[in-house]
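Undergrad: Got a structure for you, written out below as structure tokens; questions coming shortly.
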Amino acid sequence: MSTDKNKNHISETFIIPTDVMLEIAQIILRGDLPHEITGLKENKSQIIMNISYQPELKFHQQAIKNIADIVKEYHELCCEEQEETNWREG
């Protein structure tokens, strides 16, 4: 996390699966959150994005929480599916 002292923003970096990028983009745009794509993990279909927010604004706090929750739930779902799938059965 870093702070932009001029605007009192905190920045967080998220690794976002492309499968949920549309949902994340909607949150970013609705919250008017400054953001920047800083990298790609093409082999894993992930986007590395830096998202800034003002911690004193309740709706910014909620937007960042929603983004973190979506990413976390996506990873939990993918890990569960991989654990339950036995590729040797057929």
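Chain labels follow the order of the structure tokens: the first chain is A, the next B, and so on; residue numbering restarts at 1 in every chain, and ligands are counted from 1 in their shown order.
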Among chain A, which ones does DSSP place in alpha helix (DSSP H), written as an MDAnalysis selection string?
TA: chainID A and resid 21:31 58:84
Undergrad: Take the residues from that selection and write them out as a short mmCIF file (atom, residue, chain, number, x, y, z; two decimals), in the first residue's frame, keeping N, CA, C and O atoms.
TA:
data_model
loop_
_atom_site.label_atom_id
_atom_site.label_comp_id
_atom_site.auth_asym_id
_atom_site.auth_seq_id
_atom_site.Cartn_x
_atom_site.Cartn_y
_atom_site.Cartn_z
N MET A 21 -13.33 -9.51 -14.26
CA MET A 21 -12.89 -8.14 -14.54
C MET A 21 -14.06 -7.20 -14.81
O MET A 21 -14.03 -6.04 -14.39
N LEU A 22 -15.11 -7.67 -15.45
CA LEU A 22 -16.26 -6.80 -15.73
C LEU A 22 -16.91 -6.32 -14.43
O LEU A 22 -17.23 -5.13 -14.29
N GLU A 23 -17.08 -7.22 -13.48
CA GLU A 23 -17.65 -6.83 -12.18
C GLU A 23 -16.77 -5.82 -11.47
O GLU A 23 -17.25 -4.83 -10.91
N ILE A 24 -15.45 -6.07 -11.50
CA ILE A 24 -14.50 -5.17 -10.85
C ILE A 24 -14.53 -3.80 -11.53
O ILE A 24 -14.52 -2.76 -10.87
N ALA A 25 -14.57 -3.79 -12.85
CA ALA A 25 -14.59 -2.53 -13.61
C ALA A 25 -15.83 -1.71 -13.25
O ALA A 25 -15.75 -0.49 -13.11
N GLN A 26 -16.97 -2.36 -13.08
CA GLN A 26 -18.18 -1.65 -12.69
C GLN A 26 -18.03 -0.98 -11.33
O GLN A 26 -18.44 0.16 -11.14
N ILE A 27 -17.42 -1.67 -10.39
CA ILE A 27 -17.19 -1.11 -9.06
C ILE A 27 -16.24 0.09 -9.15
O ILE A 27 -16.49 1.14 -8.54
N ILE A 28 -15.17 -0.06 -9.92
CA ILE A 28 -14.19 1.02 -10.08
C ILE A 28 -14.85 2.26 -10.68
O ILE A 28 -14.66 3.38 -10.20
N LEU A 29 -15.64 2.06 -11.73
CA LEU A 29 -16.27 3.19 -12.41
C LEU A 29 -17.35 3.84 -11.55
O LEU A 29 -17.46 5.06 -11.50
N ARG A 30 -18.16 3.04 -10.89
CA ARG A 30 -19.21 3.61 -10.03
C ARG A 30 -18.61 4.39 -8.86
O ARG A 30 -19.18 5.40 -8.44
N GLY A 31 -17.49 3.92 -8.33
CA GLY A 31 -16.85 4.59 -7.21
C GLY A 31 -15.91 5.70 -7.63
O GLY A 31 -15.35 6.39 -6.78
N LYS A 58 -16.63 6.53 2.97
CA LYS A 58 -17.26 5.24 3.24
C LYS A 58 -17.50 4.44 1.96
O LYS A 58 -17.28 3.23 1.92
N PHE A 59 -17.96 5.10 0.89
CA PHE A 59 -18.25 4.36 -0.34
C PHE A 59 -16.96 3.87 -1.01
O PHE A 59 -16.97 2.85 -1.69
N HIS A 60 -15.84 4.55 -0.81
CA HIS A 60 -14.56 4.04 -1.31
C HIS A 60 -14.14 2.81 -0.50
O HIS A 60 -13.67 1.83 -1.08
N GLN A 61 -14.30 2.87 0.80
CA GLN A 61 -13.98 1.72 1.65
C GLN A 61 -14.79 0.50 1.22
O GLN A 61 -14.27 -0.61 1.10
N GLN A 62 -16.07 0.71 0.98
CA GLN A 62 -16.95 -0.39 0.59
C GLN A 62 -16.58 -0.93 -0.79
O GLN A 62 -16.59 -2.14 -1.01
N ALA A 63 -16.21 -0.04 -1.71
CA ALA A 63 -15.81 -0.48 -3.05
C ALA A 63 -14.57 -1.37 -2.98
O ALA A 63 -14.53 -2.43 -3.61
N ILE A 64 -13.58 -0.95 -2.21
CA ILE A 64 -12.35 -1.75 -2.08
C ILE A 64 -12.66 -3.09 -1.42
O ILE A 64 -12.14 -4.14 -1.83
N LYS A 65 -13.51 -3.08 -0.42
CA LYS A 65 -13.90 -4.33 0.24
C LYS A 65 -14.61 -5.25 -0.75
O LYS A 65 -14.34 -6.46 -0.79
N ASN A 66 -15.51 -4.70 -1.57
CA ASN A 66 -16.22 -5.51 -2.56
C ASN A 66 -15.25 -6.13 -3.57
O ASN A 66 -15.39 -7.30 -3.93
N ILE A 67 -14.28 -5.34 -4.02
CA ILE A 67 -13.28 -5.85 -4.96
C ILE A 67 -12.49 -6.99 -4.32
O ILE A 67 -12.33 -8.06 -4.92
N ALA A 68 -12.01 -6.78 -3.11
CA ALA A 68 -11.24 -7.81 -2.41
C ALA A 68 -12.07 -9.07 -2.20
O ALA A 68 -11.57 -10.20 -2.38
N ASP A 69 -13.34 -8.90 -1.85
CA ASP A 69 -14.22 -10.06 -1.63
C ASP A 69 -14.45 -10.85 -2.92
O ASP A 69 -14.43 -12.09 -2.90
N ILE A 70 -14.66 -10.15 -4.03
CA ILE A 70 -14.88 -10.84 -5.31
C ILE A 70 -13.65 -11.66 -5.69
O ILE A 70 -13.75 -12.83 -6.07
N VAL A 71 -12.47 -11.05 -5.56
CA VAL A 71 -11.23 -11.75 -5.91
C VAL A 71 -11.02 -12.96 -5.00
O VAL A 71 -10.70 -14.06 -5.46
N LYS A 72 -11.26 -12.77 -3.70
CA LYS A 72 -11.08 -13.86 -2.73
C LYS A 72 -12.05 -15.01 -3.02
O LYS A 72 -11.64 -16.17 -3.06
N GLU A 73 -13.33 -14.68 -3.24
CA GLU A 73 -14.32 -15.72 -3.50
C GLU A 73 -14.04 -16.46 -4.80
O GLU A 73 -14.24 -17.67 -4.89
N TYR A 74 -13.55 -15.73 -5.80
CA TYR A 74 -13.21 -16.37 -7.07
C TYR A 74 -12.09 -17.40 -6.86
O TYR A 74 -12.18 -18.53 -7.34
N HIS A 75 -11.06 -16.99 -6.12
CA HIS A 75 -9.95 -17.91 -5.88
C HIS A 75 -10.38 -19.11 -5.05
O HIS A 75 -9.95 -20.24 -5.32
N GLU A 76 -11.24 -18.88 -4.06
CA GLU A 76 -11.74 -20.00 -3.25
C GLU A 76 -12.55 -20.97 -4.11
O GLU A 76 -12.41 -22.18 -3.97
N LEU A 77 -13.38 -20.45 -4.98
CA LEU A 77 -14.19 -21.29 -5.86
C LEU A 77 -13.30 -22.11 -6.79
O LEU A 77 -13.50 -23.31 -6.96
N CYS A 78 -12.31 -21.47 -7.38
CA CYS A 78 -11.41 -22.18 -8.30
C CYS A 78 -10.62 -23.26 -7.58
O CYS A 78 -10.46 -24.35 -8.11
N CYS A 79 -10.15 -22.96 -6.38
CA CYS A 79 -9.38 -23.96 -5.62
C CYS A 79 -10.26 -25.14 -5.24
O CYS A 79 -9.82 -26.27 -5.29
N GLU A 80 -11.52 -24.87 -4.85
CA GLU A 80 -12.44 -25.94 -4.50
C GLU A 80 -12.70 -26.85 -5.69
O GLU A 80 -12.69 -28.06 -5.58
N GLU A 81 -12.92 -26.24 -6.86
CA GLU A 81 -13.20 -27.03 -8.06
C GLU A 81 -12.01 -27.91 -8.41
O GLU A 81 -12.18 -29.06 -8.77
N GLN A 82 -10.81 -27.38 -8.27
CA GLN A 82 -9.62 -28.16 -8.60
C GLN A 82 -9.43 -29.31 -7.62
O GLN A 82 -9.02 -30.39 -8.00
N GLU A 83 -9.76 -29.09 -6.34
CA GLU A 83 -9.62 -30.14 -5.34
C GLU A 83 -10.66 -31.24 -5.53
O GLU A 83 -10.39 -32.40 -5.30
N GLU A 84 -11.87 -30.86 -5.96
CA GLU A 84 -12.94 -31.84 -6.10
C GLU A 84 -12.87 -32.61 -7.42
O GLU A 84 -13.45 -33.67 -7.55
#
Undergrad: Using Å and a single decimal, report how far atom CA of A:His9 sits from atom CA of A:Lys41.
TA: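 Calculated distance between atom CA of A:Lys41 and atom CA of A:His9 is 26.2 Å.
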Undergrad: List the neighbours of A:Ile16 out to 8 Å using only C-alpha atoms; skip same-chain residues closer than 4 positions along the sequence, and give me the result as a list in words.
TA: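 Residues near the query, excluding close chain neighbours: Val20, Met21, Gln46, Ile47, Ile48, Met49 and Val71 of chain A.
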Undergrad: Quick one: DSSP strand (DSSP E or B) residues in chain A, as a count of residues only?
TA: 27
